[in-house]
Amino acid sequence: MTSSTLEIPSGESDFDLDAGDGLAAAVIDLAAIAANVRTLRSTAAVPVMAVVKADAFGHGAVPVARTCLAAGAAWLGVTRISEAIALRRAGIAAPVLAWLHDTRLAARALRHDVDIAVSSPGDLALVATHGASAPVRVHLKLDTGMHRSGCPAEEWAGLVRAAAVLERAGTVRVVGIWSHLSHGGEPGAVATHRQLLMFRIGLDLARGAGLRPDVVHLANTAATQANPALTRHDLVRIGAGLYGIGTGLTPAMTLTSRVTQVRHAPAGRGVGYDHLHRTTRRTNLALVPLGYADGIPRAATGRAEVWVRGRRAPLIGW
C-alpha cells in the first residue's frame with residue numbers, strides 16, 4: 001500500500017491513530033447510484049443500459065447492477081464475457097451486452113444468454129459457427145470516428161450483408177447496431193456531426209441489407225446530458241454517470257482512511273518524491289495510507305484535497 005502526505009491546519013494534529021480496524025475503505029452509496037439512473041433515464045426519455053464493466057468502475061458489479069435495474073435500467077453493459085457470466089451466476093437475468101472480448105468465447109456467451117459485439121466480417125463468421133443450436137445474439141458496431149473499436153466504414157457494407165445472410169440461416173440474430181461518440185459532451189463539435197452522419201448512413205445500409213435490430217444505441221452519459229434528442233436512438237449507455245460523473249449527478253463513492261502518522265516540518269522542507277511541495281512555514285504533516293496503488297494518481301499532488309475533521313487539507317506529497 002502506498003501513502004500520501006497532507007498539510008493539516010494548526011491545532012489539528014491530535015489524531016486518534018488507533019481509531020478503526022482498517023486503514024481505508026471505499027464507501028458506496030447505492031441510493032446515489034439509483035438516483036443517477038432515474039435522473040439520466042428521465043433526461044434520455046428512452047431505456048438505459050447501465051455500464052457495470054470493471055466491477056462497476058470499482059463500485060461492485062453485482063450490487064450496482066441490481067440497484068440500477070431496480071431504479072429502472074433495462075440493460076447492462078460490460079466489456080468481458082466473463083463479467084457478464086458473473087452477473088448471470090449472481091441470478092441477474094436482464095439483457096447484458098459484452099463488447100471487448102475474444103469472439104472464440106461466443107459459445108460461452110450463448111450458453112449464458114449474453115449478447116456480444118461484433119466489429120468485422122471475420123469475427124462474425126467465427127461467431128456464427130457457434131450458432132448451430134440457437135442463434136448467437138450480436139450487436140454490430142460501426143466505427144464512426146472513435147478509432148478504437150468497431151467496423152471500419154469501408155468494411156461496413158460487407159459486414160451487414162453477411163449478417164443478413166447469417167440471420168436468415170438462423171446462426172446469428174442481430175439484436176443491436178451501435179457506435180461510440182468521441183465528443184459526446186460537445187453536440188456542436190465537427191467530430192460529433194461527422195459521427196452522427198456516418199451512423200445514419202450505417203443504419204441505412206444495415207436496413208437496406210434487410211436487418212431490423214431491436215435496439216440502436218449511440219449516446220453515452222455525456223451525449224445523453226448534452227443533447228439527448230440528437231443522440232439517444234432506442235437506448236443510451238450510461239457508464240460514468242451512474243457513479244456521479246456528470247452535471248447534476250451525485251457522487252457514489254467516498255474513499256475514507258485514517259491518519260497513521262503526524263509530524264511537524266519547519267519552513268523550507270521538501271515533502272515526498274521529487275519534493276514537489278516545499279513548506280513555506282512550520283507545517284503539520286499527516287500521513288494517510290492511500291496512494292497510487294489504490295487508484296489515486298501522483299498527479300493529484302498539489303491539486304487534490306481531503307476532508308479532515310470537517311476541514312479541507314491539501315494533498316502535498318507522495
# chains A, B, ... in the order shown; residues from 1 in each chain; ligands from 1
>>> residues_around(residues="Ala132 in chain A", least_positions_apart="3", cutoff="12 Å", atoms="only C-alpha atoms", output="JSON list (two decimals) with all heavy atoms, in the first residue's frame")
[["chain", "number", "residue", "atom", "x", "y", "z"],
["A", 107, "ALA", "N", -19.40, -19.24, -27.70],
["A", 107, "ALA", "CA", -20.21, -20.35, -27.18],
["A", 107, "ALA", "C", -20.56, -20.14, -25.72],
["A", 107, "ALA", "O", -21.67, -20.47, -25.28],
["A", 107, "ALA", "CB", -19.46, -21.68, -27.36],
["A", 110, "LEU", "N", -23.33, -17.63, -25.58],
["A", 110, "LEU", "CA", -24.59, -18.25, -25.97],
["A", 110, "LEU", "C", -25.19, -19.06, -24.82],
["A", 110, "LEU", "O", -26.39, -18.97, -24.55],
["A", 110, "LEU", "CB", -24.36, -19.13, -27.20],
["A", 110, "LEU", "CG", -25.59, -19.83, -27.79],
["A", 110, "LEU", "CD1", -26.60, -18.80, -28.26],
["A", 110, "LEU", "CD2", -25.17, -20.73, -28.94],
["A", 127, "VAL", "N", -18.18, -16.22, -35.00],
["A", 127, "VAL", "CA", -19.30, -16.28, -34.04],
["A", 127, "VAL", "C", -20.40, -17.19, -34.56],
["A", 127, "VAL", "O", -21.00, -17.98, -33.81],
["A", 127, "VAL", "CB", -19.83, -14.86, -33.78],
["A", 127, "VAL", "CG1", -21.21, -14.90, -33.13],
["A", 127, "VAL", "CG2", -18.86, -14.07, -32.92],
["A", 128, "ALA", "N", -20.69, -17.10, -35.85],
["A", 128, "ALA", "CA", -21.79, -17.88, -36.43],
["A", 128, "ALA", "C", -21.57, -19.37, -36.33],
["A", 128, "ALA", "O", -22.54, -20.15, -36.31],
["A", 128, "ALA", "CB", -21.99, -17.47, -37.89],
["A", 129, "THR", "N", -20.32, -19.82, -36.23],
["A", 129, "THR", "CA", -20.06, -21.25, -36.12],
["A", 129, "THR", "C", -20.59, -21.83, -34.81],
["A", 129, "THR", "O", -20.72, -23.05, -34.68],
["A", 129, "THR", "CB", -18.54, -21.55, -36.21],
["A", 129, "THR", "OG1", -17.86, -20.94, -35.11],
["A", 129, "THR", "CG2", -17.96, -21.03, -37.51],
["A", 135, "PRO", "N", -29.36, -19.17, -32.41],
["A", 135, "PRO", "CA", -28.58, -18.04, -32.94],
["A", 135, "PRO", "C", -27.85, -17.29, -31.84],
["A", 135, "PRO", "O", -28.37, -17.10, -30.74],
["A", 135, "PRO", "CB", -29.65, -17.18, -33.62],
["A", 135, "PRO", "CG", -30.94, -17.56, -32.98],
["A", 135, "PRO", "CD", -30.81, -19.00, -32.62],
["A", 136, "VAL", "N", -26.64, -16.85, -32.16],
["A", 136, "VAL", "CA", -25.86, -16.02, -31.24],
["A", 136, "VAL", "C", -26.37, -14.58, -31.38],
["A", 136, "VAL", "O", -26.50, -14.06, -32.49],
["A", 136, "VAL", "CB", -24.37, -16.08, -31.56],
["A", 136, "VAL", "CG1", -23.57, -15.23, -30.57],
["A", 136, "VAL", "CG2", -23.87, -17.52, -31.56],
["A", 166, "LEU", "N", -26.48, -14.59, -42.57],
["A", 166, "LEU", "CA", -26.37, -15.50, -41.42],
["A", 166, "LEU", "C", -27.64, -15.45, -40.56],
["A", 166, "LEU", "O", -28.03, -16.46, -39.96],
["A", 166, "LEU", "CB", -25.14, -15.13, -40.57],
["A", 166, "LEU", "CG", -23.80, -15.39, -41.26],
["A", 166, "LEU", "CD1", -22.67, -14.78, -40.45],
["A", 166, "LEU", "CD2", -23.58, -16.89, -41.44],
["A", 167, "GLU", "N", -28.28, -14.30, -40.51],
["A", 167, "GLU", "CA", -29.52, -14.20, -39.75],
["A", 167, "GLU", "C", -30.60, -15.04, -40.43],
["A", 167, "GLU", "O", -31.38, -15.75, -39.75],
["A", 167, "GLU", "CB", -29.95, -12.74, -39.64],
["A", 167, "GLU", "CG", -31.06, -12.51, -38.61],
["A", 167, "GLU", "CD", -31.26, -11.05, -38.31],
["A", 167, "GLU", "OE1", -31.62, -10.29, -39.24],
["A", 167, "GLU", "OE2", -31.07, -10.65, -37.14],
["A", 169, "ALA", "N", -30.04, -17.63, -42.12],
["A", 169, "ALA", "CA", -29.65, -19.02, -41.91],
["A", 169, "ALA", "C", -29.91, -19.48, -40.47],
["A", 169, "ALA", "O", -29.84, -20.68, -40.18],
["A", 169, "ALA", "CB", -28.18, -19.20, -42.25],
["A", 170, "GLY", "N", -30.17, -18.52, -39.58],
["A", 170, "GLY", "CA", -30.52, -18.86, -38.20],
["A", 170, "GLY", "C", -29.34, -19.04, -37.26],
["A", 170, "GLY", "O", -29.50, -19.53, -36.15],
["A", 171, "THR", "N", -28.12, -18.63, -37.69],
["A", 171, "THR", "CA", -26.96, -18.81, -36.81],
["A", 171, "THR", "C", -26.62, -17.57, -35.99],
["A", 171, "THR", "O", -25.91, -17.67, -34.98],
["A", 171, "THR", "CB", -25.72, -19.22, -37.62],
["A", 171, "THR", "OG1", -25.51, -18.26, -38.65],
["A", 171, "THR", "CG2", -25.92, -20.61, -38.23],
["A", 172, "VAL", "N", -27.08, -16.41, -36.42],
["A", 172, "VAL", "CA", -26.92, -15.20, -35.62],
["A", 172, "VAL", "C", -28.24, -14.43, -35.62],
["A", 172, "VAL", "O", -29.08, -14.61, -36.51],
["A", 172, "VAL", "CB", -25.80, -14.26, -36.13],
["A", 172, "VAL", "CG1", -24.46, -14.96, -36.15],
["A", 172, "VAL", "CG2", -26.14, -13.67, -37.49]]
>>> residues_around(residues="range 55-62 of chain A", least_positions_apart="2", cutoff="12 Å", atoms="only C-alpha atoms", output="PyMOL selection string")
chain A and resi 25-30+32-33+50-53+64-69+76-80+82-93+238-245+251-255+294-295
>>> closest_residue(among="A:Thr221, A:Arg168, A:Leu40, A:Ala34", to="Ala209 in chain A", atoms="only C-alpha atoms")
A:Arg168
>>> select_by_dssp(residues="range 106-237 of chain A", states="strand (DSSP E or B)", output="PDB file with C-alpha atoms, in the first residue's frame")
ATOM      1  CA  ASP A 115     -25.183 -10.516 -26.243  1.00  0.00           C
ATOM      2  CA  ILE A 116     -21.797  -9.818 -27.812  1.00  0.00           C
ATOM      3  CA  ALA A 117     -20.458  -7.041 -30.002  1.00  0.00           C
ATOM      4  CA  VAL A 118     -19.080  -7.858 -33.455  1.00  0.00           C
ATOM      5  CA  VAL A 136     -25.865 -16.016 -31.244  1.00  0.00           C
ATOM      6  CA  ARG A 137     -27.173 -12.587 -30.251  1.00  0.00           C
ATOM      7  CA  VAL A 138     -24.902  -9.876 -31.697  1.00  0.00           C
ATOM      8  CA  HIS A 139     -24.676  -6.096 -31.770  1.00  0.00           C
ATOM      9  CA  LEU A 140     -22.839  -4.857 -34.859  1.00  0.00           C
ATOM     10  CA  LYS A 141     -20.547  -1.944 -34.040  1.00  0.00           C
ATOM     11  CA  LEU A 142     -19.644   0.687 -36.609  1.00  0.00           C
ATOM     12  CA  CYS A 151     -16.044  -1.944 -38.004  1.00  0.00           C
ATOM     13  CA  VAL A 172     -26.923 -15.195 -35.618  1.00  0.00           C
ATOM     14  CA  ARG A 173     -29.508 -12.681 -34.578  1.00  0.00           C
ATOM     15  CA  VAL A 174     -28.666  -9.005 -34.987  1.00  0.00           C
ATOM     16  CA  VAL A 175     -30.109  -7.555 -31.781  1.00  0.00           C
ATOM     17  CA  GLY A 176     -28.396  -4.184 -31.983  1.00  0.00           C
ATOM     18  CA  ILE A 177     -26.424  -1.729 -34.065  1.00  0.00           C
ATOM     19  CA  TRP A 178     -24.259   0.776 -32.275  1.00  0.00           C
ATOM     20  CA  VAL A 215     -32.091  -1.580 -30.416  1.00  0.00           C
ATOM     21  CA  VAL A 216     -29.925   1.116 -31.930  1.00  0.00           C
ATOM     22  CA  HIS A 217     -27.623   2.837 -29.439  1.00  0.00           C
ATOM     23  CA  LEU A 235     -31.168   3.121 -25.866  1.00  0.00           C
ATOM     24  CA  VAL A 236     -28.498   5.143 -24.062  1.00  0.00           C
ATOM     25  CA  ARG A 237     -25.389   3.649 -22.444  1.00  0.00           C
TER      26      ARG A 237
END
>>> select_by_dssp(residues="range 64-96 of chain A", states="alpha helix (DSSP H)", output="VMD selection string")
chain A and resid 64 to 70 81 to 89
>>> residues_around(residues="range 156-160 of chain A", least_positions_apart="4", cutoff="8 Å", atoms="only C-alpha atoms", output="list in words")
Ser120, Pro121, Leu124, Leu142, Cys151, Pro152, Ala164, Gly202, Leu205, Ala206, Ala209 and Leu211 of chain A
>>> closest_residue(among="A:Ala163, A:Ala31, A:Val306, A:Ala286", to="Gly122 in chain A", atoms="only C-alpha atoms")
A:Ala163
>>> closest_residue(among="A:Thr301, A:Asn227, A:Ser149, A:Gln261", to="Tyr273 in chain A", atoms="only C-alpha atoms")
A:Thr301
>>> decode(residues="range 70-96 of chain A", atoms="N, CA, C and O atoms", output="mmCIF file, in the first residue's frame")
data_model
loop_
_atom_site.group_PDB
_atom_site.id
_atom_site.type_symbol
_atom_site.label_atom_id
_atom_site.label_comp_id
_atom_site.auth_asym_id
_atom_site.auth_seq_id
_atom_site.Cartn_x
_atom_site.Cartn_y
_atom_site.Cartn_z
ATOM 1 N N ALA A 70 -33.244 -2.077 -10.455
ATOM 2 C CA ALA A 70 -34.362 -1.698 -9.586
ATOM 3 C C ALA A 70 -34.766 -0.243 -9.801
ATOM 4 O O ALA A 70 -35.936 0.123 -9.618
ATOM 5 N N ALA A 71 -33.796 0.592 -10.213
ATOM 6 C CA ALA A 71 -34.072 2.013 -10.443
ATOM 7 C C ALA A 71 -34.601 2.291 -11.848
ATOM 8 O O ALA A 71 -34.895 3.445 -12.171
ATOM 9 N N GLY A 72 -34.705 1.254 -12.679
ATOM 10 C CA GLY A 72 -35.315 1.435 -13.989
ATOM 11 C C GLY A 72 -34.438 1.158 -15.188
ATOM 12 O O GLY A 72 -34.900 1.274 -16.323
ATOM 13 N N ALA A 73 -33.163 0.802 -14.992
ATOM 14 C CA ALA A 73 -32.324 0.436 -16.141
ATOM 15 C C ALA A 73 -32.869 -0.840 -16.781
ATOM 16 O O ALA A 73 -33.361 -1.733 -16.086
ATOM 17 N N ALA A 74 -32.758 -0.914 -18.103
ATOM 18 C CA ALA A 74 -33.310 -2.060 -18.828
ATOM 19 C C ALA A 74 -32.234 -3.039 -19.278
ATOM 20 O O ALA A 74 -32.519 -4.218 -19.492
ATOM 21 N N TRP A 75 -31.010 -2.555 -19.444
ATOM 22 C CA TRP A 75 -29.892 -3.362 -19.933
ATOM 23 C C TRP A 75 -28.693 -3.176 -19.020
ATOM 24 O O TRP A 75 -28.605 -2.194 -18.285
ATOM 25 N N LEU A 76 -27.736 -4.089 -19.150
ATOM 26 C CA LEU A 76 -26.441 -3.967 -18.503
ATOM 27 C C LEU A 76 -25.352 -4.094 -19.559
ATOM 28 O O LEU A 76 -25.496 -4.863 -20.516
ATOM 29 N N GLY A 77 -24.265 -3.364 -19.383
ATOM 30 C CA GLY A 77 -23.146 -3.430 -20.312
ATOM 31 C C GLY A 77 -21.857 -3.745 -19.584
ATOM 32 O O GLY A 77 -21.605 -3.223 -18.491
ATOM 33 N N VAL A 78 -21.038 -4.612 -20.182
ATOM 34 C CA VAL A 78 -19.737 -4.979 -19.627
ATOM 35 C C VAL A 78 -18.746 -5.072 -20.785
ATOM 36 O O VAL A 78 -19.124 -4.977 -21.949
ATOM 37 N N THR A 79 -17.481 -5.280 -20.456
ATOM 38 C CA THR A 79 -16.508 -5.493 -21.519
ATOM 39 C C THR A 79 -16.330 -6.976 -21.805
ATOM 40 O O THR A 79 -16.519 -7.423 -22.927
ATOM 41 N N ARG A 80 -16.006 -7.755 -20.792
ATOM 42 C CA ARG A 80 -15.653 -9.158 -20.985
ATOM 43 C C ARG A 80 -16.863 -10.073 -20.803
ATOM 44 O O ARG A 80 -17.745 -9.816 -19.983
ATOM 45 N N ILE A 81 -16.849 -11.163 -21.536
ATOM 46 C CA ILE A 81 -17.894 -12.174 -21.372
ATOM 47 C C ILE A 81 -17.861 -12.734 -19.956
ATOM 48 O O ILE A 81 -18.907 -13.026 -19.365
ATOM 49 N N SER A 82 -16.680 -12.870 -19.377
ATOM 50 C CA SER A 82 -16.587 -13.379 -18.004
ATOM 51 C C SER A 82 -17.310 -12.469 -17.020
ATOM 52 O O SER A 82 -17.895 -12.946 -16.043
ATOM 53 N N GLU A 83 -17.283 -11.157 -17.261
ATOM 54 C CA GLU A 83 -18.019 -10.228 -16.393
ATOM 55 C C GLU A 83 -19.524 -10.474 -16.507
ATOM 56 O O GLU A 83 -20.253 -10.423 -15.504
ATOM 57 N N ALA A 84 -19.977 -10.715 -17.722
ATOM 58 C CA ALA A 84 -21.400 -10.978 -17.936
ATOM 59 C C ALA A 84 -21.816 -12.284 -17.262
ATOM 60 O O ALA A 84 -22.891 -12.373 -16.655
ATOM 61 N N ILE A 85 -20.969 -13.298 -17.358
ATOM 62 C CA ILE A 85 -21.293 -14.588 -16.738
ATOM 63 C C ILE A 85 -21.358 -14.458 -15.228
ATOM 64 O O ILE A 85 -22.210 -15.080 -14.569
ATOM 65 N N ALA A 86 -20.497 -13.623 -14.647
ATOM 66 C CA ALA A 86 -20.551 -13.400 -13.198
ATOM 67 C C ALA A 86 -21.893 -12.805 -12.785
ATOM 68 O O ALA A 86 -22.443 -13.156 -11.738
ATOM 69 N N LEU A 87 -22.436 -11.923 -13.613
ATOM 70 C CA LEU A 87 -23.766 -11.366 -13.326
ATOM 71 C C LEU A 87 -24.838 -12.452 -13.413
ATOM 72 O O LEU A 87 -25.744 -12.515 -12.578
ATOM 73 N N ARG A 88 -24.723 -13.301 -14.418
ATOM 74 C CA ARG A 88 -25.691 -14.392 -14.557
ATOM 75 C C ARG A 88 -25.622 -15.332 -13.352
ATOM 76 O O ARG A 88 -26.648 -15.762 -12.820
ATOM 77 N N ARG A 89 -24.432 -15.642 -12.910
ATOM 78 C CA ARG A 89 -24.286 -16.554 -11.772
ATOM 79 C C ARG A 89 -24.800 -15.942 -10.479
ATOM 80 O O ARG A 89 -25.096 -16.659 -9.525
ATOM 81 N N ALA A 90 -24.900 -14.613 -10.470
ATOM 82 C CA ALA A 90 -25.480 -13.939 -9.310
ATOM 83 C C ALA A 90 -27.002 -13.870 -9.397
ATOM 84 O O ALA A 90 -27.644 -13.274 -8.534
ATOM 85 N N GLY A 91 -27.555 -14.462 -10.457
ATOM 86 C CA GLY A 91 -29.010 -14.506 -10.596
ATOM 87 C C GLY A 91 -29.612 -13.355 -11.364
ATOM 88 O O GLY A 91 -30.838 -13.183 -11.367
ATOM 89 N N ILE A 92 -28.789 -12.552 -12.035
ATOM 90 C CA ILE A 92 -29.284 -11.392 -12.781
ATOM 91 C C ILE A 92 -29.653 -11.831 -14.193
ATOM 92 O O ILE A 92 -28.820 -12.360 -14.930
ATOM 93 N N ALA A 93 -30.896 -11.613 -14.559
ATOM 94 C CA ALA A 93 -31.411 -12.135 -15.826
ATOM 95 C C ALA A 93 -31.609 -11.064 -16.893
ATOM 96 O O ALA A 93 -32.007 -11.378 -18.014
ATOM 97 N N ALA A 94 -31.350 -9.818 -16.593
ATOM 98 C CA ALA A 94 -31.566 -8.728 -17.549
ATOM 99 C C ALA A 94 -30.659 -8.882 -18.765
ATOM 100 O O ALA A 94 -29.614 -9.536 -18.697
ATOM 101 N N PRO A 95 -31.023 -8.282 -19.897
ATOM 102 C CA PRO A 95 -30.150 -8.320 -21.069
ATOM 103 C C PRO A 95 -28.779 -7.734 -20.762
ATOM 104 O O PRO A 95 -28.679 -6.670 -20.135
ATOM 105 N N VAL A 96 -27.724 -8.425 -21.217
ATOM 106 C CA VAL A 96 -26.351 -7.976 -20.974
ATOM 107 C C VAL A 96 -25.593 -7.993 -22.300
ATOM 108 O O VAL A 96 -25.643 -8.983 -23.037
#
